[in-house]
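J.: What follows is model04.pdb, made up of PDB, C-alpha atoms, pLDDT in the B column:
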```pdb
ATOM      1  CA  MET A  13     -21.953   0.638   7.276  1.00 49.00           C
ATOM      2  CA  ASN A  14     -18.771   0.166   9.284  1.00 63.00           C
ATOM      3  CA  ASP A  15     -20.152  -3.183  10.476  1.00 80.00           C
ATOM      4  CA  PHE A  16     -19.633  -4.587   6.963  1.00 74.00           C
ATOM      5  CA  LYS A  17     -16.076  -3.268   6.873  1.00 77.00           C
ATOM      6  CA  THR A  18     -15.381  -4.837  10.274  1.00 75.00           C
ATOM      7  CA  ILE A  19     -16.784  -8.191   9.136  1.00 78.00           C
ATOM      8  CA  LEU A  20     -14.729  -8.051   5.941  1.00 78.00           C
ATOM      9  CA  ARG A  21     -11.552  -7.218   7.879  1.00 80.00           C
ATOM     10  CA  LYS A  22     -12.183 -10.153  10.233  1.00 79.00           C
ATOM     11  CA  GLN A  23     -12.513 -12.513   7.248  1.00 82.00           C
ATOM     12  CA  VAL A  24      -9.886 -11.286   4.803  1.00 81.00           C
ATOM     13  CA  LEU A  25      -6.896 -10.856   7.109  1.00 80.00           C
ATOM     14  CA  PRO A  26      -7.061 -14.374   8.624  1.00 79.00           C
ATOM     15  CA  ALA A  27      -7.523 -15.850   5.124  1.00 85.00           C
ATOM     16  CA  ARG A  28      -4.414 -14.025   3.904  1.00 85.00           C
ATOM     17  CA  LYS A  29      -2.404 -15.108   6.952  1.00 86.00           C
ATOM     18  CA  ILE A  30      -2.981 -18.788   6.172  1.00 90.00           C
ATOM     19  CA  LEU A  31      -1.715 -18.594   2.580  1.00 88.00           C
ATOM     20  CA  SER A  32       1.031 -21.167   2.119  1.00 92.00           C
ATOM     21  CA  SER A  33       4.522 -19.742   1.702  1.00 92.00           C
ATOM     22  CA  ASN A  34       4.649 -20.979  -1.898  1.00 96.00           C
ATOM     23  CA  ILE A  35       1.370 -19.310  -2.870  1.00 94.00           C
ATOM     24  CA  TRP A  36       2.305 -16.095  -1.027  1.00 93.00           C
ATOM     25  CA  GLU A  37       5.702 -15.970  -2.782  1.00 96.00           C
ATOM     26  CA  ASP A  38       4.184 -16.741  -6.219  1.00 97.00           C
ATOM     27  CA  ARG A  39       1.531 -14.050  -5.823  1.00 96.00           C
ATOM     28  CA  ASN A  40       4.113 -11.513  -4.686  1.00 96.00           C
ATOM     29  CA  ARG A  41       6.336 -12.302  -7.662  1.00 97.00           C
ATOM     30  CA  MET A  42       3.429 -11.910 -10.107  1.00 97.00           C
ATOM     31  CA  LEU A  43       2.253  -8.714  -8.403  1.00 97.00           C
ATOM     32  CA  ALA A  44       5.734  -7.136  -8.374  1.00 97.00           C
ATOM     33  CA  SER A  45       6.077  -7.767 -12.097  1.00 97.00           C
ATOM     34  CA  LYS A  46       2.721  -6.092 -12.774  1.00 97.00           C
ATOM     35  CA  VAL A  47       3.585  -3.090 -10.574  1.00 97.00           C
ATOM     36  CA  ILE A  48       6.913  -2.547 -12.367  1.00 96.00           C
ATOM     37  CA  ASP A  49       5.235  -2.883 -15.789  1.00 94.00           C
ATOM     38  CA  PHE A  50       2.563  -0.392 -14.728  1.00 95.00           C
ATOM     39  CA  ILE A  51       5.086   2.156 -13.461  1.00 94.00           C
ATOM     40  CA  ASN A  52       7.214   1.750 -16.608  1.00 90.00           C
ATOM     41  CA  GLN A  53       4.241   2.805 -18.739  1.00 86.00           C
ATOM     42  CA  ASP A  54       3.791   5.998 -16.760  1.00 80.00           C
ATOM     43  CA  SER A  55       5.902   9.125 -16.397  1.00 85.00           C
ATOM     44  CA  VAL A  56       6.157   8.991 -12.614  1.00 93.00           C
ATOM     45  CA  LYS A  57       9.398   9.947 -10.933  1.00 95.00           C
ATOM     46  CA  VAL A  58       8.566   9.777  -7.198  1.00 97.00           C
ATOM     47  CA  ILE A  59       6.670   6.823  -5.734  1.00 98.00           C
ATOM     48  CA  HIS A  60       5.439   6.477  -2.153  1.00 98.00           C
ATOM     49  CA  SER A  61       5.462   2.844  -1.052  1.00 97.00           C
ATOM     50  CA  PHE A  62       4.268   1.183   2.101  1.00 96.00           C
ATOM     51  CA  LEU A  63       6.564  -1.222   3.921  1.00 96.00           C
ATOM     52  CA  PRO A  64       5.105  -4.699   4.516  1.00 95.00           C
ATOM     53  CA  ILE A  65       3.887  -6.019   7.836  1.00 91.00           C
ATOM     54  CA  GLU A  66       5.314  -9.525   7.555  1.00 90.00           C
ATOM     55  CA  ARG A  67       3.154 -11.101  10.269  1.00 89.00           C
ATOM     56  CA  ASN A  68       0.063 -10.042   8.261  1.00 90.00           C
ATOM     57  CA  LYS A  69       1.488 -11.433   5.015  1.00 92.00           C
ATOM     58  CA  GLU A  70       1.061  -8.078   3.324  1.00 93.00           C
ATOM     59  CA  VAL A  71       2.307  -7.521  -0.192  1.00 96.00           C
ATOM     60  CA  ASN A  72       6.094  -7.718  -0.087  1.00 97.00           C
ATOM     61  CA  THR A  73       7.096  -4.298  -1.420  1.00 97.00           C
ATOM     62  CA  TRP A  74      10.853  -4.723  -0.818  1.00 97.00           C
ATOM     63  CA  PRO A  75      11.573  -6.202  -4.298  1.00 97.00           C
ATOM     64  CA  ILE A  76       9.412  -3.488  -5.880  1.00 98.00           C
ATOM     65  CA  ILE A  77      11.290  -0.739  -4.019  1.00 97.00           C
ATOM     66  CA  LYS A  78      14.682  -2.182  -4.992  1.00 97.00           C
ATOM     67  CA  GLU A  79      13.660  -2.419  -8.650  1.00 97.00           C
ATOM     68  CA  LEU A  80      12.359   1.166  -8.673  1.00 96.00           C
ATOM     69  CA  ILE A  81      15.616   2.413  -7.145  1.00 97.00           C
ATOM     70  CA  SER A  82      17.621   0.467  -9.757  1.00 96.00           C
ATOM     71  CA  ARG A  83      15.659   2.386 -12.426  1.00 94.00           C
ATOM     72  CA  ASN A  84      16.669   5.701 -10.845  1.00 95.00           C
ATOM     73  CA  LEU A  85      13.211   6.489  -9.528  1.00 96.00           C
ATOM     74  CA  GLN A  86      12.801   8.188  -6.138  1.00 97.00           C
ATOM     75  CA  VAL A  87      10.989   6.165  -3.467  1.00 98.00           C
ATOM     76  CA  VAL A  88       9.402   7.604  -0.337  1.00 98.00           C
ATOM     77  CA  VAL A  89       8.611   5.401   2.684  1.00 98.00           C
ATOM     78  CA  SER A  90       6.948   6.238   5.980  1.00 95.00           C
ATOM     79  CA  SER A  91       7.059   5.804   9.687  1.00 94.00           C
ATOM     80  CA  THR A  92       3.979   6.029  11.857  1.00 89.00           C
ATOM     81  CA  ASP A  93       3.529   8.362  14.778  1.00 87.00           C
ATOM     82  CA  LEU A  94       1.057   6.169  16.647  1.00 83.00           C
ATOM     83  CA  LYS A  95       0.239   8.819  19.269  1.00 87.00           C
ATOM     84  CA  LYS A  96      -0.657  11.500  16.726  1.00 87.00           C
ATOM     85  CA  GLU A  97      -2.047   8.926  14.263  1.00 84.00           C
ATOM     86  CA  GLN A  98      -0.081  10.302  11.343  1.00 87.00           C
ATOM     87  CA  MET A  99       2.579   9.140   8.927  1.00 93.00           C
ATOM     88  CA  LEU A 100       5.956  10.811   8.542  1.00 95.00           C
ATOM     89  CA  HIS A 101       7.630  10.461   5.137  1.00 97.00           C
ATOM     90  CA  TYR A 102      11.258   9.832   4.208  1.00 97.00           C
ATOM     91  CA  TYR A 103      13.389   9.253   1.118  1.00 98.00           C
ATOM     92  CA  TYR A 104      14.484   5.663   0.689  1.00 97.00           C
ATOM     93  CA  HIS A 105      18.062   4.743  -0.197  1.00 95.00           C
ATOM     94  CA  PRO A 106      19.651   1.275  -0.195  1.00 93.00           C
ATOM     95  CA  GLN A 107      21.807   1.931   2.911  1.00 93.00           C
ATOM     96  CA  LEU A 108      18.847   3.057   4.999  1.00 95.00           C
ATOM     97  CA  LYS A 109      18.358   1.083   8.222  1.00 95.00           C
ATOM     98  CA  PHE A 110      14.966   0.020   9.588  1.00 96.00           C
ATOM     99  CA  ARG A 111      13.474  -1.059  12.903  1.00 95.00           C
ATOM    100  CA  LEU A 112      10.065  -2.533  13.700  1.00 93.00           C
ATOM    101  CA  ASN A 113       7.654  -0.340  15.642  1.00 90.00           C
ATOM    102  CA  ARG A 114       5.346  -1.836  18.276  1.00 88.00           C
ATOM    103  CA  LEU A 115       2.877  -2.892  15.530  1.00 85.00           C
ATOM    104  CA  LYS A 116       5.748  -4.684  13.732  1.00 89.00           C
ATOM    105  CA  ILE A 117       5.759  -2.161  10.863  1.00 90.00           C
ATOM    106  CA  PRO A 118       9.267  -1.462   9.482  1.00 94.00           C
ATOM    107  CA  GLU A 119      10.283   2.166   9.922  1.00 94.00           C
ATOM    108  CA  PRO A 120      13.369   4.020   8.685  1.00 96.00           C
ATOM    109  CA  ILE A 121      15.976   5.221  11.163  1.00 94.00           C
ATOM    110  CA  ASN A 122      17.675   8.615  10.705  1.00 89.00           C
ATOM    111  CA  ALA A 123      16.245   9.103   7.214  1.00 94.00           C
ATOM    112  CA  GLU A 124      15.970  12.332   5.256  1.00 96.00           C
ATOM    113  CA  THR A 125      12.487  13.884   5.443  1.00 96.00           C
ATOM    114  CA  ALA A 126      10.724  13.738   2.082  1.00 97.00           C
ATOM    115  CA  ASP A 127       8.945  16.539   0.277  1.00 96.00           C
ATOM    116  CA  THR A 128       5.531  14.910  -0.200  1.00 95.00           C
ATOM    117  CA  SER A 129       4.483  17.504  -2.782  1.00 95.00           C
ATOM    118  CA  THR A 130       6.797  15.761  -5.279  1.00 96.00           C
ATOM    119  CA  ILE A 131       5.049  12.369  -4.995  1.00 97.00           C
ATOM    120  CA  ASP A 132       3.461  11.268  -8.290  1.00 96.00           C
ATOM    121  CA  LEU A 133       2.056   7.890  -7.236  1.00 97.00           C
ATOM    122  CA  VAL A 134       1.156   6.199  -3.944  1.00 98.00           C
ATOM    123  CA  LEU A 135       1.185   2.411  -3.508  1.00 98.00           C
ATOM    124  CA  ILE A 136      -1.520   1.660  -0.945  1.00 96.00           C
ATOM    125  CA  PRO A 137      -1.789  -1.530   1.140  1.00 94.00           C
ATOM    126  CA  LEU A 138      -5.195  -3.183   1.034  1.00 91.00           C
ATOM    127  CA  LEU A 139      -7.074  -5.883   2.815  1.00 88.00           C
ATOM    128  CA  ALA A 140      -9.653  -5.751   0.036  1.00 89.00           C
ATOM    129  CA  ALA A 141     -10.913  -3.521  -2.768  1.00 92.00           C
ATOM    130  CA  ASP A 142     -13.696  -3.472  -5.313  1.00 91.00           C
ATOM    131  CA  LYS A 143     -13.633  -2.710  -9.032  1.00 93.00           C
ATOM    132  CA  LYS A 144     -14.949   0.800  -8.436  1.00 92.00           C
ATOM    133  CA  GLY A 145     -11.867   1.734  -6.409  1.00 93.00           C
ATOM    134  CA  ASN A 146     -13.363   1.416  -2.941  1.00 90.00           C
ATOM    135  CA  ARG A 147     -10.778   0.131  -0.529  1.00 90.00           C
ATOM    136  CA  ILE A 148     -10.626  -1.552   2.837  1.00 85.00           C
ATOM    137  CA  GLY A 149      -7.522  -1.178   4.981  1.00 81.00           C
ATOM    138  CA  TYR A 150      -7.015  -1.646   8.693  1.00 77.00           C
ATOM    139  CA  GLY A 151      -9.377   1.213   9.511  1.00 72.00           C
ATOM    140  CA  LYS A 152      -7.065   3.752  11.141  1.00 77.00           C
ATOM    141  CA  GLY A 153      -7.290   6.286   8.292  1.00 82.00           C
ATOM    142  CA  TYR A 154      -3.553   6.840   7.746  1.00 88.00           C
ATOM    143  CA  TYR A 155      -3.835   6.605   3.973  1.00 91.00           C
ATOM    144  CA  ASP A 156      -7.041   8.655   3.923  1.00 88.00           C
ATOM    145  CA  ARG A 157      -5.123  11.504   5.546  1.00 89.00           C
ATOM    146  CA  LEU A 158      -2.141  11.122   3.206  1.00 92.00           C
ATOM    147  CA  LEU A 159      -4.363  11.088   0.118  1.00 93.00           C
ATOM    148  CA  GLN A 160      -6.234  14.186   1.303  1.00 92.00           C
ATOM    149  CA  GLU A 161      -2.881  15.990   1.423  1.00 92.00           C
ATOM    150  CA  LEU A 162      -2.067  14.845  -2.133  1.00 94.00           C
ATOM    151  CA  PRO A 163      -5.287  15.265  -4.139  1.00 90.00           C
ATOM    152  CA  LYS A 164      -3.612  14.968  -7.571  1.00 93.00           C
ATOM    153  CA  VAL A 165      -1.480  11.908  -6.840  1.00 96.00           C
ATOM    154  CA  LYS A 166      -2.157   8.638  -8.669  1.00 97.00           C
ATOM    155  CA  LYS A 167      -3.656   6.197  -6.143  1.00 97.00           C
ATOM    156  CA  VAL A 168      -2.709   2.546  -6.728  1.00 97.00           C
ATOM    157  CA  GLY A 169      -3.864  -0.196  -4.360  1.00 97.00           C
ATOM    158  CA  LEU A 170      -1.970  -3.478  -4.016  1.00 97.00           C
ATOM    159  CA  THR A 171      -3.618  -6.689  -2.895  1.00 95.00           C
ATOM    160  CA  LEU A 172      -2.756 -10.383  -3.086  1.00 94.00           C
ATOM    161  CA  GLY A 173      -6.379 -11.419  -3.568  1.00 89.00           C
ATOM    162  CA  PRO A 174      -8.882 -10.823  -6.327  1.00 89.00           C
ATOM    163  CA  LEU A 175     -11.071  -7.720  -6.413  1.00 91.00           C
ATOM    164  CA  PHE A 176     -14.681  -7.717  -5.277  1.00 87.00           C
ATOM    165  CA  ASP A 177     -17.254  -6.572  -7.836  1.00 89.00           C
ATOM    166  CA  GLU A 178     -18.691  -3.810  -5.687  1.00 86.00           C
ATOM    167  CA  PHE A 179     -18.948  -2.788  -2.061  1.00 85.00           C
ATOM    168  CA  ASP A 180     -22.402  -1.361  -1.435  1.00 80.00           C
ATOM    169  CA  PHE A 181     -21.258   0.043   1.907  1.00 76.00           C
ATOM    170  CA  ALA A 182     -18.765   2.573   0.497  1.00 70.00           C
ATOM    171  CA  GLU A 183     -19.186   6.056   1.921  1.00 71.00           C
ATOM    172  CA  SER A 184     -19.098   9.314  -0.041  1.00 70.00           C
ATOM    173  CA  HIS A 185     -16.062  10.651   1.891  1.00 69.00           C
ATOM    174  CA  ASP A 186     -13.944   7.570   1.101  1.00 77.00           C
ATOM    175  CA  ILE A 187     -11.079   8.323  -1.282  1.00 88.00           C
ATOM    176  CA  LYS A 188     -11.163   5.861  -4.156  1.00 92.00           C
ATOM    177  CA  LEU A 189      -8.293   4.191  -5.942  1.00 96.00           C
ATOM    178  CA  ASP A 190      -7.415   5.080  -9.511  1.00 96.00           C
ATOM    179  CA  TYR A 191      -5.950   1.613 -10.108  1.00 97.00           C
ATOM    180  CA  CYS A 192      -5.743  -1.654  -8.256  1.00 97.00           C
ATOM    181  CA  ILE A 193      -3.039  -4.209  -8.963  1.00 97.00           C
ATOM    182  CA  THR A 194      -3.430  -7.845  -7.985  1.00 96.00           C
ATOM    183  CA  PRO A 195      -1.263 -10.811  -8.966  1.00 96.00           C
ATOM    184  CA  PHE A 196      -3.881 -11.497 -11.633  1.00 94.00           C
ATOM    185  CA  GLU A 197      -4.669  -8.099 -13.169  1.00 93.00           C
ATOM    186  CA  ILE A 198      -4.123  -4.364 -13.354  1.00 95.00           C
ATOM    187  CA  TYR A 199      -7.532  -2.837 -12.968  1.00 95.00           C
ATOM    188  CA  GLN A 200      -8.432   0.750 -13.790  1.00 96.00           C
ATOM    189  CA  CYS A 201     -11.065   1.822 -11.272  1.00 93.00           C
ATOM    190  CA  GLN A 202     -13.857   4.410 -11.611  1.00 72.00           C
TER     191      GLN A 202
END
```
Would it be possible to restate this file's structure as structure tokens?
T.:
Amino acid sequence: MNDFKTILRKQVLPARKILSSNIWEDRNRMLASKVIDFINQDSVKVIHSFLPIERNKEVNTWPIIKELISRNLQVVVSSTDLKKEQMLHYYYHPQLKFRLNRLKIPEPINAETADTSTIDLVLIPLLAADKKGNRIGYGKGYYDRLLQELPKVKKVGLTLGPLFDEFDFAESHDIKLDYCITPFEIYQCQ
């Protein structure tokens, strides 16, 4: 089953990396608008957001984070302990400084540790997802572990591409998305 995930990762990431700057920017603008609209319709107060890996042309979450902060919502961001293979979580504020880790992921410096039990919604980076909420990331399991710690949190995947109809290689232990937001649609999964 993991062979299909590996093949998909090897196809989707290179395809995303060759998006023209104009298409990437347009899709990010459309996606950010949909994410803000979605969050406005909900009663969430604390949102966990990933920080984009620019070299992989991930969803640019910086404008989303800034807009959420301007609406007086609390945002939590993470750093990655690569040795222990776990994420550490911190409150975002506009003056927070960041550095790139060895994988070129932005990480906060000297940030206040966040209380993850207060998180209402998690924005999850995706390489791909299907309409049933099955998701494909980079395969290290960081978000699987976070979502296991927060079983009642709303799980929202973000991707710049369209959704697949269905992955027939999903495994029973995989944690599914509740929603997936693309530049083209907000899709309620499951």
J.: Kindly indicate which residue among A:Arg114, A:Pro26, A:Leu138, A:Arg41 lies nearest to A:Pro64, using all atoms listed in the file for the distances.
T.: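 The shortest atom-to-atom distance to A:Pro64 comes from A:Leu138.
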J.: Using all atoms listed in the file, determine which residues lie at most 8 Å from stretch 147-158 of chain A, disregarding the query and same-chain residues fewer than 5 positions distant; provide the list as a list in words.
T.: Lys17, Arg21, Glu97, Gln98, Met99, Ile136, Pro137, Leu138, Leu139, Ala140, Ala141, Asp142, Gly169, Asp186, Ile187, Lys188 and Leu189 of chain A
J.: Taking into account all atoms listed in the file, which residue in the set A:Thr194, A:Asn84, A:Thr171, A:Ser90 is nearest to A:Ser61?
T.: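 Answer, going by the shortest atom-to-atom distance: A:Ser90.
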J.: Restricting the calculation to all atoms listed in the file, which member of A:Val88, A:Leu133, A:Val71, A:Ile81 is positioned closest to A:Ala44?
T.: A:Val71
J.: List the neighbours of stretch 117-121 of chain A out to 7 Å using all atoms listed in the file; skip same-chain residues closer than 4 positions along the sequence, and give me the result as a PyMOL selection string.
T.: chain A and resi 63-65+90-91+108-113
J.: Interatomic distance between atom CA of A:Leu170 and atom CA of A:Ile193?
T.: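 Separation between atom CA of A:Leu170 and atom CA of A:Ile193: 5.1 Å.
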J.: In Å, with one decimal, what is the gap from atom CA of A:Ser129 to atom CA of A:Leu162?
T.: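 Taking atom CA of A:Ser129 and atom CA of A:Leu162, their separation equals 7.1 Å.
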J.: By how many Å are atom CA of A:Ser33 and atom CA of A:Ile59 apart?
T.: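 Between atom CA of A:Ser33 and atom CA of A:Ile59 the gap is 27.7 Å.
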J.: Pick from A:Asn68, A:Thr128, A:Ser82, A:Asn122: nearest to A:Gln160, with all atoms listed in the file counted?
T.: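 Looking at the shortest contact to A:Gln160, the residue is A:Thr128.
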J.: Tell me which residues the PyMOL selection byres ((chain A and resi 87) around 12) grabs here, as a ChimeraX atom specification.
T.: /A:56-63,73-74,76-86,88-90,101-106,108,124-128,130-135
J.: Evaluated on this file, the PyMOL selection byres ((chain A and resi 16) around 12) picks out some residues - which ones are they, written as a list in words?
T.: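 Taken on the displayed file, the PyMOL selection byres ((chain A and resi 16) around 12) yields the residues Met13, Asn14, Asp15, Lys17, Thr18, Ile19, Leu20, Arg21, Lys22, Gln23, Ile148, Phe179, Asp180, Phe181, Ala182 and Glu183 of chain A.
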J.: Padding 4 Å on each side, edges along x, y and z: where is the centre of the box around the listed atoms of stretch 173-187 of chain A, and how long are its edges in Å to one decimal? Output it as JSON.
T.:
```
{"center_x": -14.4, "center_y": -0.4, "center_z": -3.0, "size_x": 24.0, "size_y": 30.1, "size_z": 17.8}
```
J.: Between A:Leu115, A:Glu197, A:Leu159, A:Ser184, which has the minimum distance to A:Arg67 (counting all atoms listed in the file)?
T.: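 Among A:Leu115, A:Glu197, A:Leu159, A:Ser184, it is A:Leu115 that comes nearest to A:Arg67.
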J.: From the set A:Asp54, A:Cys201, A:Pro195, A:Gly145, which residue has the shortest atom-to-atom contact distance to A:Met42, counting all atoms listed in the file?
T.: A:Pro195
